[in-house]
file my_file.cif (mmCIF, C-alpha atoms and all ligand atoms)
data_my_file
loop_
_atom_site.group_PDB
_atom_site.id
_atom_site.type_symbol
_atom_site.label_atom_id
_atom_site.label_comp_id
_atom_site.auth_asym_id
_atom_site.auth_seq_id
_atom_site.Cartn_x
_atom_site.Cartn_y
_atom_site.Cartn_z
ATOM 1 C CA MET A 1 0.000 0.000 0.000
ATOM 2 C CA THR A 2 1.139 3.531 -0.633
ATOM 3 C CA GLN A 3 0.317 6.425 1.689
ATOM 4 C CA ASP A 4 -2.743 6.948 -0.540
ATOM 5 C CA GLY A 5 -4.089 3.570 0.457
ATOM 6 C CA PHE A 6 -3.605 2.385 -3.126
ATOM 7 C CA ARG A 7 -1.996 -0.940 -3.882
ATOM 8 C CA ALA A 8 0.752 0.068 -6.320
ATOM 9 C CA GLU A 9 1.970 -2.685 -8.626
ATOM 10 C CA GLY A 10 5.472 -1.327 -8.254
ATOM 11 C CA ILE A 11 7.372 0.091 -11.148
ATOM 12 C CA ASP A 12 7.504 -2.629 -13.766
ATOM 13 C CA THR A 13 10.025 -1.992 -16.524
ATOM 14 C CA SER A 14 9.625 -5.459 -18.076
ATOM 15 C CA ARG A 15 6.295 -4.668 -19.771
ATOM 16 C CA PRO A 16 5.279 -1.614 -21.782
ATOM 17 C CA HIS A 17 3.110 0.921 -19.915
ATOM 18 C CA PRO A 18 0.541 3.112 -21.713
ATOM 19 C CA ALA A 19 1.869 6.308 -20.075
ATOM 20 C CA ARG A 20 5.437 5.554 -21.113
ATOM 21 C CA ILE A 21 4.543 4.451 -24.668
ATOM 22 C CA TYR A 22 2.662 7.734 -25.067
ATOM 23 C CA ASP A 23 5.586 9.678 -23.609
ATOM 24 C CA TYR A 24 7.915 8.004 -26.136
ATOM 25 C CA LEU A 25 5.570 8.845 -29.038
ATOM 26 C CA LEU A 26 5.454 12.467 -27.876
ATOM 27 C CA GLY A 27 9.267 12.629 -27.883
ATOM 28 C CA GLY A 28 9.597 12.460 -24.076
ATOM 29 C CA LYS A 29 12.447 10.908 -22.080
ATOM 30 C CA ASP A 30 10.549 9.112 -19.308
ATOM 31 C CA ASN A 31 10.336 5.695 -20.974
ATOM 32 C CA TYR A 32 12.236 2.411 -21.199
ATOM 33 C CA GLU A 33 13.337 0.117 -24.022
ATOM 34 C CA VAL A 34 10.164 -2.001 -23.792
ATOM 35 C CA ASP A 35 8.065 1.147 -24.250
ATOM 36 C CA GLN A 36 10.156 2.341 -27.201
ATOM 37 C CA GLN A 37 9.822 -1.075 -28.874
ATOM 38 C CA ALA A 38 6.050 -1.056 -28.354
ATOM 39 C CA GLY A 39 5.846 2.519 -29.703
ATOM 40 C CA ASP A 40 7.843 1.596 -32.811
ATOM 41 C CA GLU A 41 5.708 -1.499 -33.358
ATOM 42 C CA LEU A 42 2.574 0.613 -33.011
ATOM 43 C CA ALA A 43 3.903 3.124 -35.545
ATOM 44 C CA ALA A 44 4.715 0.272 -37.961
ATOM 45 C CA LYS A 45 1.072 -0.871 -37.819
ATOM 46 C CA ALA A 46 -0.458 2.619 -37.644
ATOM 47 C CA PRO A 47 1.924 5.229 -39.103
ATOM 48 C CA GLU A 48 -0.452 8.086 -38.260
ATOM 49 C CA VAL A 49 0.199 7.498 -34.536
ATOM 50 C CA TRP A 50 3.009 10.110 -34.419
ATOM 51 C CA ILE A 51 0.734 12.922 -35.594
ATOM 52 C CA SER A 52 -2.221 11.490 -33.657
ATOM 53 C CA VAL A 53 -0.596 11.903 -30.237
ATOM 54 C CA GLN A 54 0.430 15.482 -31.059
ATOM 55 C CA ALA A 55 -3.093 16.239 -32.296
ATOM 56 C CA ASN A 56 -4.600 14.715 -29.147
ATOM 57 C CA ARG A 57 -2.371 16.892 -26.984
ATOM 58 C CA ALA A 58 -3.318 19.996 -28.999
ATOM 59 C CA PHE A 59 -7.010 19.076 -28.585
ATOM 60 C CA MET A 60 -6.500 18.868 -24.816
ATOM 61 C CA ARG A 61 -4.905 22.332 -24.835
ATOM 62 C CA ARG A 62 -7.763 23.927 -26.807
ATOM 63 C CA ALA A 63 -10.384 22.136 -24.717
ATOM 64 C CA VAL A 64 -8.814 23.351 -21.435
ATOM 65 C CA GLN A 65 -8.688 26.893 -22.825
ATOM 66 C CA TYR A 66 -12.359 26.531 -23.795
ATOM 67 C CA VAL A 67 -13.599 25.338 -20.393
ATOM 68 C CA VAL A 68 -11.534 27.888 -18.477
ATOM 69 C CA GLY A 69 -12.778 30.571 -20.891
ATOM 70 C CA SER A 70 -16.303 29.407 -20.019
ATOM 71 C CA GLY A 71 -15.668 30.209 -16.362
ATOM 72 C CA VAL A 72 -14.723 26.832 -14.850
ATOM 73 C CA ARG A 73 -12.088 27.095 -12.123
ATOM 74 C CA GLN A 74 -11.614 23.427 -11.155
ATOM 75 C CA ILE A 75 -10.222 20.604 -13.284
ATOM 76 C CA LEU A 76 -10.215 16.887 -12.491
ATOM 77 C CA ASP A 77 -7.797 15.249 -14.948
ATOM 78 C CA VAL A 78 -8.052 11.447 -14.825
ATOM 79 C CA GLY A 79 -5.289 9.600 -16.713
ATOM 80 C CA THR A 80 -3.073 12.637 -16.795
ATOM 81 C CA GLY A 81 0.031 10.892 -18.170
ATOM 82 C CA LEU A 82 3.671 11.729 -17.600
ATOM 83 C CA PRO A 83 4.207 15.475 -17.303
ATOM 84 C CA THR A 84 4.386 16.988 -20.793
ATOM 85 C CA SER A 85 4.752 20.707 -21.286
ATOM 86 C CA PRO A 86 2.470 22.524 -21.370
ATOM 87 C CA ASN A 87 0.648 20.599 -18.638
ATOM 88 C CA VAL A 88 -3.040 21.119 -17.868
ATOM 89 C CA HIS A 89 -2.397 23.456 -14.917
ATOM 90 C CA GLU A 90 0.041 25.547 -16.989
ATOM 91 C CA ILE A 91 -2.496 25.951 -19.812
ATOM 92 C CA ALA A 92 -5.262 26.808 -17.343
ATOM 93 C CA HIS A 93 -3.130 29.243 -15.336
ATOM 94 C CA GLU A 94 -2.212 31.208 -18.447
ATOM 95 C CA ALA A 95 -5.870 32.167 -18.720
ATOM 96 C CA ALA A 96 -6.817 32.165 -15.030
ATOM 97 C CA PRO A 97 -4.231 31.756 -12.232
ATOM 98 C CA ASP A 98 -6.913 30.733 -9.719
ATOM 99 C CA VAL A 99 -7.765 27.418 -11.444
ATOM 100 C CA ARG A 100 -7.297 24.360 -9.200
ATOM 101 C CA VAL A 101 -6.285 21.024 -10.744
ATOM 102 C CA ALA A 102 -6.460 17.490 -9.332
ATOM 103 C CA TYR A 103 -4.462 15.001 -11.353
ATOM 104 C CA ILE A 104 -5.203 11.269 -11.154
ATOM 105 C CA ASP A 105 -3.286 8.355 -12.669
ATOM 106 C CA ASN A 106 -2.883 4.695 -11.775
ATOM 107 C CA ASP A 107 0.761 4.539 -12.828
ATOM 108 C CA PRO A 108 3.177 5.049 -9.891
ATOM 109 C CA ILE A 109 5.777 6.476 -12.286
ATOM 110 C CA VAL A 110 3.365 9.227 -13.318
ATOM 111 C CA LYS A 111 2.734 10.075 -9.667
ATOM 112 C CA ALA A 112 6.462 10.178 -8.871
ATOM 113 C CA HIS A 113 7.189 12.538 -11.771
ATOM 114 C CA ALA A 114 4.185 14.751 -11.053
ATOM 115 C CA ASP A 115 5.066 14.927 -7.338
ATOM 116 C CA ALA A 116 8.478 16.268 -8.312
ATOM 117 C CA LEU A 117 6.936 18.861 -10.622
ATOM 118 C CA LEU A 118 3.999 20.200 -8.665
ATOM 119 C CA SER A 119 4.248 22.833 -6.003
ATOM 120 C CA ARG A 120 2.655 22.231 -2.636
ATOM 121 C CA SER A 121 0.529 25.361 -2.930
ATOM 122 C CA GLY A 122 -2.774 23.501 -2.533
ATOM 123 C CA ALA A 123 -3.895 24.556 -6.024
ATOM 124 C CA THR A 124 -2.800 21.268 -7.604
ATOM 125 C CA SER A 125 -2.574 17.687 -6.397
ATOM 126 C CA ILE A 126 -1.607 14.331 -7.884
ATOM 127 C CA VAL A 127 -3.391 11.251 -6.601
ATOM 128 C CA LEU A 128 -2.715 7.611 -7.386
ATOM 129 C CA GLY A 129 -6.156 6.338 -8.343
ATOM 130 C CA ASP A 130 -7.870 4.082 -10.832
ATOM 131 C CA LEU A 131 -10.607 5.116 -13.240
ATOM 132 C CA ARG A 132 -12.177 1.684 -12.738
ATOM 133 C CA ASP A 133 -13.002 2.771 -9.178
ATOM 134 C CA PRO A 134 -14.553 6.194 -9.853
ATOM 135 C CA ARG A 135 -16.197 6.506 -6.431
ATOM 136 C CA ALA A 136 -12.781 6.256 -4.753
ATOM 137 C CA ILE A 137 -11.563 9.127 -6.944
ATOM 138 C CA VAL A 138 -14.468 11.394 -6.011
ATOM 139 C CA ASP A 139 -14.173 10.539 -2.309
ATOM 140 C CA HIS A 140 -10.376 10.768 -2.082
ATOM 141 C CA PRO A 141 -9.402 13.372 0.562
ATOM 142 C CA ASP A 142 -6.598 14.794 -1.635
ATOM 143 C CA VAL A 143 -9.103 15.285 -4.466
ATOM 144 C CA ARG A 144 -11.618 16.870 -2.086
ATOM 145 C CA GLN A 145 -8.930 19.251 -0.852
ATOM 146 C CA VAL A 146 -8.634 20.723 -4.346
ATOM 147 C CA ILE A 147 -12.075 20.109 -5.886
ATOM 148 C CA ASP A 148 -15.362 21.396 -4.469
ATOM 149 C CA PHE A 149 -18.069 19.250 -6.051
ATOM 150 C CA ASP A 150 -20.686 21.953 -5.362
ATOM 151 C CA GLU A 151 -19.024 24.187 -7.969
ATOM 152 C CA PRO A 152 -18.609 23.439 -11.711
ATOM 153 C CA VAL A 153 -15.755 21.078 -12.546
ATOM 154 C CA ALA A 154 -14.152 20.215 -15.877
ATOM 155 C CA LEU A 155 -13.652 16.444 -15.927
ATOM 156 C CA LEU A 156 -10.865 15.437 -18.321
ATOM 157 C CA LEU A 157 -10.917 11.887 -19.663
ATOM 158 C CA VAL A 158 -8.404 12.483 -22.423
ATOM 159 C CA ALA A 159 -7.027 9.373 -24.150
ATOM 160 C CA ILE A 160 -7.822 7.093 -21.207
ATOM 161 C CA LEU A 161 -11.196 5.389 -21.708
ATOM 162 C CA HIS A 162 -9.815 3.161 -24.472
ATOM 163 C CA PHE A 163 -7.729 1.455 -21.762
ATOM 164 C CA LEU A 164 -10.949 0.132 -20.190
ATOM 165 C CA THR A 165 -12.464 -3.041 -21.635
ATOM 166 C CA ASP A 166 -16.236 -3.306 -22.162
ATOM 167 C CA ALA A 167 -16.278 -5.754 -19.212
ATOM 168 C CA GLU A 168 -14.969 -2.926 -17.019
ATOM 169 C CA LYS A 169 -18.175 -1.019 -17.862
ATOM 170 C CA PRO A 170 -16.713 2.298 -19.005
ATOM 171 C CA GLU A 171 -20.208 3.804 -19.477
ATOM 172 C CA GLU A 172 -21.032 3.160 -15.797
ATOM 173 C CA VAL A 173 -17.658 4.582 -14.787
ATOM 174 C CA VAL A 174 -18.350 7.821 -16.677
ATOM 175 C CA ALA A 175 -21.899 7.965 -15.296
ATOM 176 C CA THR A 176 -20.601 7.701 -11.699
ATOM 177 C CA LEU A 177 -18.224 10.612 -12.279
ATOM 178 C CA ARG A 178 -20.946 12.579 -14.115
ATOM 179 C CA ASP A 179 -23.352 12.183 -11.217
ATOM 180 C CA ALA A 180 -20.799 13.783 -8.887
ATOM 181 C CA LEU A 181 -20.653 16.923 -11.063
ATOM 182 C CA PRO A 182 -23.026 19.878 -10.643
ATOM 183 C CA ALA A 183 -24.774 21.583 -13.578
ATOM 184 C CA GLY A 184 -22.419 23.858 -15.496
ATOM 185 C CA SER A 185 -19.617 21.275 -15.321
ATOM 186 C CA PHE A 186 -17.895 19.968 -18.449
ATOM 187 C CA LEU A 187 -16.693 16.643 -19.776
ATOM 188 C CA VAL A 188 -13.608 16.780 -22.020
ATOM 189 C CA LEU A 189 -13.076 13.405 -23.635
ATOM 190 C CA SER A 190 -10.931 11.898 -26.374
ATOM 191 C CA HIS A 191 -10.865 8.260 -27.454
ATOM 192 C CA ALA A 192 -9.020 6.100 -29.991
ATOM 193 C CA THR A 193 -11.033 4.620 -32.843
ATOM 194 C CA GLY A 194 -10.640 2.188 -35.742
ATOM 195 C CA ASP A 195 -13.348 3.963 -37.768
ATOM 196 C CA PHE A 196 -10.945 5.315 -40.397
ATOM 197 C CA PHE A 197 -8.623 2.322 -40.854
ATOM 198 C CA ASP A 198 -8.675 -1.264 -39.620
ATOM 199 C CA ARG A 199 -6.349 -0.876 -36.649
ATOM 200 C CA SER A 200 -6.767 -4.318 -35.056
ATOM 201 C CA GLU A 201 -3.034 -5.059 -35.502
ATOM 202 C CA ALA A 202 -2.105 -1.796 -33.776
ATOM 203 C CA GLN A 203 -4.579 -2.577 -30.996
ATOM 204 C CA ALA A 204 -2.854 -5.956 -30.477
ATOM 205 C CA VAL A 205 0.466 -4.252 -29.662
ATOM 206 C CA TYR A 206 -1.071 -3.462 -26.254
ATOM 207 C CA ASN A 207 -1.870 -7.118 -25.519
ATOM 208 C CA ASN A 208 1.456 -7.431 -23.728
ATOM 209 C CA ALA A 209 1.202 -4.021 -22.051
ATOM 210 C CA THR A 210 -0.134 -3.286 -18.572
ATOM 211 C CA ALA A 211 -3.479 -2.163 -20.090
ATOM 212 C CA THR A 212 -5.182 -3.278 -23.304
ATOM 213 C CA MET A 213 -6.338 -0.971 -26.110
ATOM 214 C CA ASN A 214 -10.066 -0.986 -26.847
ATOM 215 C CA LEU A 215 -10.879 0.961 -30.015
ATOM 216 C CA ARG A 216 -14.493 2.196 -30.211
ATOM 217 C CA SER A 217 -16.761 3.518 -32.951
ATOM 218 C CA ARG A 218 -18.228 7.019 -33.113
ATOM 219 C CA ALA A 219 -21.585 5.768 -31.770
ATOM 220 C CA GLU A 220 -19.888 3.999 -28.855
ATOM 221 C CA VAL A 221 -17.860 7.085 -27.955
ATOM 222 C CA GLU A 222 -20.916 9.342 -28.212
ATOM 223 C CA ARG A 223 -22.669 7.255 -25.570
ATOM 224 C CA PHE A 224 -20.112 8.395 -22.986
ATOM 225 C CA PHE A 225 -21.692 11.867 -23.239
ATOM 226 C CA ASP A 226 -25.091 10.750 -21.904
ATOM 227 C CA GLY A 227 -26.353 13.412 -19.494
ATOM 228 C CA PHE A 228 -24.166 16.070 -21.141
ATOM 229 C CA GLU A 229 -24.778 18.384 -24.100
ATOM 230 C CA LEU A 230 -21.964 18.414 -26.656
ATOM 231 C CA VAL A 231 -20.787 21.902 -27.544
ATOM 232 C CA LYS A 232 -20.134 22.714 -31.210
ATOM 233 C CA PRO A 233 -18.847 21.070 -33.372
ATOM 234 C CA GLY A 234 -19.852 17.944 -31.404
ATOM 235 C CA LEU A 235 -17.682 14.842 -31.502
ATOM 236 C CA ALA A 236 -14.947 15.327 -34.128
ATOM 237 C CA GLN A 237 -11.578 13.911 -35.097
ATOM 238 C CA VAL A 238 -9.348 15.810 -32.673
ATOM 239 C CA PRO A 239 -7.640 18.165 -35.180
ATOM 240 C CA PHE A 240 -11.065 19.368 -36.304
ATOM 241 C CA TRP A 241 -12.364 20.252 -32.825
ATOM 242 C CA ARG A 242 -12.269 24.064 -32.803
ATOM 243 C CA PRO A 243 -8.842 24.337 -34.498
ATOM 244 C CA ASP A 244 -6.979 27.577 -33.833
ATOM 245 C CA THR A 245 -4.521 27.008 -36.698
ATOM 246 C CA PRO A 246 -5.151 25.166 -39.990
ATOM 247 C CA PRO A 247 -5.241 21.389 -39.215
ATOM 248 C CA PRO A 248 -1.958 19.745 -40.265
ATOM 249 C CA ALA A 249 -1.670 17.588 -43.403
ATOM 250 C CA ARG A 250 -3.298 14.130 -43.174
ATOM 251 C CA SER A 251 -5.457 15.184 -40.216
ATOM 252 C CA ASP A 252 -8.331 13.146 -41.671
ATOM 253 C CA GLU A 253 -6.296 9.965 -40.939
ATOM 254 C CA ILE A 254 -6.143 10.610 -37.199
ATOM 255 C CA GLY A 255 -7.881 7.907 -35.197
ATOM 256 C CA PHE A 256 -8.895 9.946 -32.165
ATOM 257 C CA TYR A 257 -12.333 11.380 -31.528
ATOM 258 C CA GLY A 258 -12.631 14.344 -29.189
ATOM 259 C CA GLY A 259 -15.499 16.292 -27.745
ATOM 260 C CA VAL A 260 -16.431 18.732 -24.997
ATOM 261 C CA ALA A 261 -19.847 18.708 -23.375
ATOM 262 C CA ARG A 262 -21.699 20.643 -20.709
ATOM 263 C CA ARG A 263 -23.546 18.981 -17.820
ATOM 264 C CA THR A 264 -27.089 20.117 -18.141
ATOM 265 C CA GLY A 265 -28.751 19.039 -14.973
HETATM 266 C C1 LIG B 301 -2.281 7.987 -23.358
HETATM 267 S S1 LIG B 301 -2.014 8.646 -21.751
HETATM 268 C C2 LIG B 301 -2.955 10.160 -21.864
HETATM 269 C C3 LIG B 301 -2.334 11.304 -21.123
HETATM 270 C C4 LIG B 301 -3.085 12.627 -21.212
HETATM 271 N N1 LIG B 301 -4.437 12.504 -20.686
HETATM 272 C C5 LIG B 301 -3.129 13.120 -22.632
HETATM 273 O O1 LIG B 301 -4.121 12.820 -23.337
HETATM 274 O O2 LIG B 301 -2.195 13.759 -23.098
HETATM 275 C C6 LIG B 301 -3.121 7.637 -20.745
HETATM 276 C C7 LIG B 301 -2.883 7.745 -19.256
HETATM 277 O O3 LIG B 301 -3.946 7.063 -18.587
HETATM 278 C C8 LIG B 301 -3.408 6.313 -17.517
HETATM 279 N N2 LIG B 301 -4.336 5.206 -17.225
HETATM 280 C C9 LIG B 301 -4.613 4.115 -17.972
HETATM 281 N N3 LIG B 301 -5.553 3.363 -17.393
HETATM 282 C C10 LIG B 301 -5.880 3.993 -16.231
HETATM 283 C C11 LIG B 301 -6.798 3.715 -15.182
HETATM 284 N N4 LIG B 301 -7.555 2.611 -15.206
HETATM 285 N N5 LIG B 301 -6.886 4.573 -14.149
HETATM 286 C C12 LIG B 301 -6.106 5.699 -14.097
HETATM 287 N N6 LIG B 301 -5.206 6.008 -15.072
HETATM 288 C C13 LIG B 301 -5.103 5.176 -16.125
HETATM 289 C C14 LIG B 301 -2.056 5.853 -17.995
HETATM 290 O O4 LIG B 301 -1.187 5.530 -16.910
HETATM 291 C C15 LIG B 301 -1.599 7.075 -18.789
HETATM 292 O O5 LIG B 301 -0.887 7.963 -17.974
#

call {"tool": "encode", "arguments": {"input": "my_file.cif", "output": "structure tokens", "more": "lines below"}}
Ligand SMILES: C[S@@+](CC[C@H](N)C(=O)[O-])C[C@H]1O[C@@H](n2cnc3c(N)ncnc32)[C@H](O)[C@@H]1O
result
Amino acid sequence: MTQDGFRAEGIDTSRPHPARIYDYLLGGKDNYEVDQQAGDELAAKAPEVWISVQANRAFMRRAVQYVVGSGVRQILDVGTGLPTSPNVHEIAHEAAPDVRVAYIDNDPIVKAHADALLSRSGATSIVLGDLRDPRAIVDHPDVRQVIDFDEPVALLLVAILHFLTDAEKPEEVVATLRDALPAGSFLVLSHATGDFFDRSEAQAVYNNATATMNLRSRAEVERFFDGFELVKPGLAQVPFWRPDTPPPARSDEIGFYGGVARRTG
């Protein structure tokens, strides 16, 4: 058990980890040989993955700017990943220095790196927690210290839900988190898909990783927004969600859907 009461698996460098594969694809340094091999294998099966991860990150940036611009001052970022500049709190603070951010991830390496990065000001926290136990996230004292669930919250589920299998009931997981959010809150979500190319071989690269990849169709991803109202343009391939520069070449090949939605009641 860690001090968070979470049973950490320990830091396993013998199997690829989603956070470290993603870090490698983004050009980061916090990854091991197994992660680099998995990333290269993924890119061999799905060459668009290099631009996809960048486009997903850019979507997250625009979506955070959007929700902060809409007045939200609290962000709950589940599946935050290894710190990658600009991080969510940096993007938010550029627009509004009073935004509070609670970061959650189930990878002990992510927590260790984030601990080293974050100040102890009380405006940000990093908690080891698992999306598959959403109630524990909402009830966690370190989350409650930063997030007041009586005020609007932006819930970020960016490039994480595809690590949950259907058997892990991702729709119920999202519904539990949604029900903890007051009206005026937002859901920011992105999700990998095989709608544009058959990506079953790329999906299989994760079979040996610490979490599997579960590609979903547009209709399946849209269901995660039940109880929310999608803001324009609705669910889109991430480069086409409110772009602030012309979408890069081959953006129509990117296998990530993204959307932002408001909690209506
Ligand atoms: C692909 S990264 C996405 C990082 C960031 N949200 C972004 O989009 O740039 C996915 C992150 O989700 C985390 N993750 C995967 N399954 C999880 C789970 N069940 N609970 C909490 N975190 C999880 C991984 O450790 C990883 O850091």

call {"tool": "closest_residue", "arguments": {"input": "my_file.cif", "among": "A:Ala180, A:Val153, A:Ile126, A:Ala175", "to": "ligand LIG 301 (chain B)", "atoms": "all atoms listed in the file"}}
result
A:Ile126

call {"tool": "resolve_selection", "arguments": {"input": "my_file.cif", "expression": "the PyMOL selection byres (((chain A and resi 202-212) around 9) and not hetatm)", "output": "list in words"}}
result
Arg15, Pro16, His17, Pro18, Asp35, Ala38, Gly39, Glu41, Leu42, Ala43, Ala44, Lys45, Ala46, His162, Phe163, Leu164, Thr165, Asp198, Arg199, Ser200, Glu201, Met213, Asn214 and Leu215 of chain A

call {"tool": "axis_aligned_box", "arguments": {"input": "my_file.cif", "around": "ligand LIG 301 (chain B)", "padding_each_side": "8 Å", "output": "JSON"}}
result
{"center_x": -4.2, "center_y": 8.2, "center_z": -18.7, "size_x": 22.7, "size_y": 27.1, "size_z": 25.3}

call {"tool": "atom_distance", "arguments": {"input": "my_file.cif", "atom1": "atom CA of Val127 of chain A", "atom2": "atom CA of Ala114 of chain A"}}
result
9.5 Å

call {"tool": "residues_near_ligand", "arguments": {"input": "my_file.cif", "ligand": "ligand LIG 301 (chain B)", "cutoff": "6 Å", "atoms": "only C-alpha atoms and all ligand atoms", "output": "list in words"}}
result
Pro18, Ala19, Tyr22, Arg57, Gly79, Thr80, Gly81, Leu82, Asp105, Asn106, Asp107, Gly129, Asp130, Leu131, Arg132, Val158, Ala159, Ile160 and Phe163 of chain A

call {"tool": "atom_distance", "arguments": {"input": "my_file.cif", "atom1": "atom CA of His191 of chain A", "atom2": "atom CA of Val88 of chain A"}}
result
17.8 Å

call {"tool": "resolve_selection", "arguments": {"input": "my_file.cif", "expression": "the PyMOL selection byres (((chain A and resi 196) around 8) and not hetatm)", "output": "compact mmCIF listing (two decimals) with C-alpha atoms, in the frame of the given file"}}
result
# COMPACT_ATOMS: atom_id res chain seq x y z
CA THR A 193 -11.03 4.62 -32.84
CA GLY A 194 -10.64 2.19 -35.74
CA ASP A 195 -13.35 3.96 -37.77
CA PHE A 197 -8.62 2.32 -40.85
CA ASP A 198 -8.68 -1.26 -39.62
CA GLU A 253 -6.30 9.96 -40.94
CA ILE A 254 -6.14 10.61 -37.20
CA GLY A 255 -7.88 7.91 -35.20

call {"tool": "resolve_selection", "arguments": {"input": "my_file.cif", "expression": "the PyMOL selection byres (((chain A and resi 178) around 12) and not hetatm)", "output": "VMD selection string"}}
result
chain A and resid 76 134 to 135 138 149 152 to 157 171 to 177 179 to 188 224 to 228 261 to 265

call {"tool": "atom_distance", "arguments": {"input": "my_file.cif", "atom1": "atom CA of Val64 of chain A", "atom2": "atom CA of Ala92 of chain A"}}
result
6.4 Å

call {"tool": "closest_residue", "arguments": {"input": "my_file.cif", "among": "A:Tyr257, A:Tyr103, A:Trp50, A:Trp241", "to": "Asn87 of chain A", "atoms": "only C-alpha atoms"}}
result
A:Tyr103

call {"tool": "residues_near_point", "arguments": {"input": "my_file.cif", "point": "(-5.5, 25.6, -12.9)", "cutoff": "7 Å", "atoms": "all atoms listed in the file", "output": "NGL selection string"}}
result
:A and (73-75 or 89-90 or 92-93 or 97-101)

call {"tool": "build_atoms", "arguments": {"input": "my_file.cif", "residues": "segment 192-206 of chain A", "atoms": "N, CA and C atoms", "output": "compact mmCIF listing (two decimals), in the frame of the given file"}}
result
# COMPACT_ATOMS: atom_id res chain seq x y z
N ALA A 192 -9.54 6.69 -28.76
CA ALA A 192 -9.02 6.10 -29.99
C ALA A 192 -10.11 5.30 -30.71
N THR A 193 -10.03 5.31 -32.04
CA THR A 193 -11.03 4.62 -32.84
C THR A 193 -10.38 3.89 -34.02
N GLY A 194 -11.06 2.86 -34.52
CA GLY A 194 -10.64 2.19 -35.74
C GLY A 194 -11.60 2.52 -36.88
N ASP A 195 -12.34 3.62 -36.76
CA ASP A 195 -13.35 3.96 -37.77
C ASP A 195 -12.75 4.33 -39.12
N PHE A 196 -11.50 4.80 -39.14
CA PHE A 196 -10.94 5.32 -40.40
C PHE A 196 -10.05 4.30 -41.10
N PHE A 197 -9.44 3.42 -40.31
CA PHE A 197 -8.62 2.32 -40.85
C PHE A 197 -8.87 1.13 -39.95
N ASP A 198 -8.65 -0.08 -40.49
CA ASP A 198 -8.68 -1.26 -39.62
C ASP A 198 -7.39 -1.22 -38.79
N ARG A 199 -7.53 -1.01 -37.50
CA ARG A 199 -6.35 -0.88 -36.65
C ARG A 199 -6.26 -2.02 -35.63
N SER A 200 -6.80 -3.21 -36.02
CA SER A 200 -6.77 -4.32 -35.06
C SER A 200 -5.33 -4.76 -34.76
N GLU A 201 -4.43 -4.65 -35.76
CA GLU A 201 -3.03 -5.06 -35.50
C GLU A 201 -2.35 -4.08 -34.54
N ALA A 202 -2.68 -2.80 -34.69
CA ALA A 202 -2.10 -1.80 -33.78
C ALA A 202 -2.65 -2.02 -32.37
N GLN A 203 -3.93 -2.32 -32.29
CA GLN A 203 -4.58 -2.58 -31.00
C GLN A 203 -3.87 -3.73 -30.28
N ALA A 204 -3.46 -4.76 -31.06
CA ALA A 204 -2.85 -5.96 -30.48
C ALA A 204 -1.49 -5.68 -29.86
N VAL A 205 -0.84 -4.59 -30.24
CA VAL A 205 0.47 -4.25 -29.66
C VAL A 205 0.34 -4.10 -28.14
N TYR A 206 -0.85 -3.69 -27.69
CA TYR A 206 -1.07 -3.46 -26.25
C TYR A 206 -1.38 -4.76 -25.49
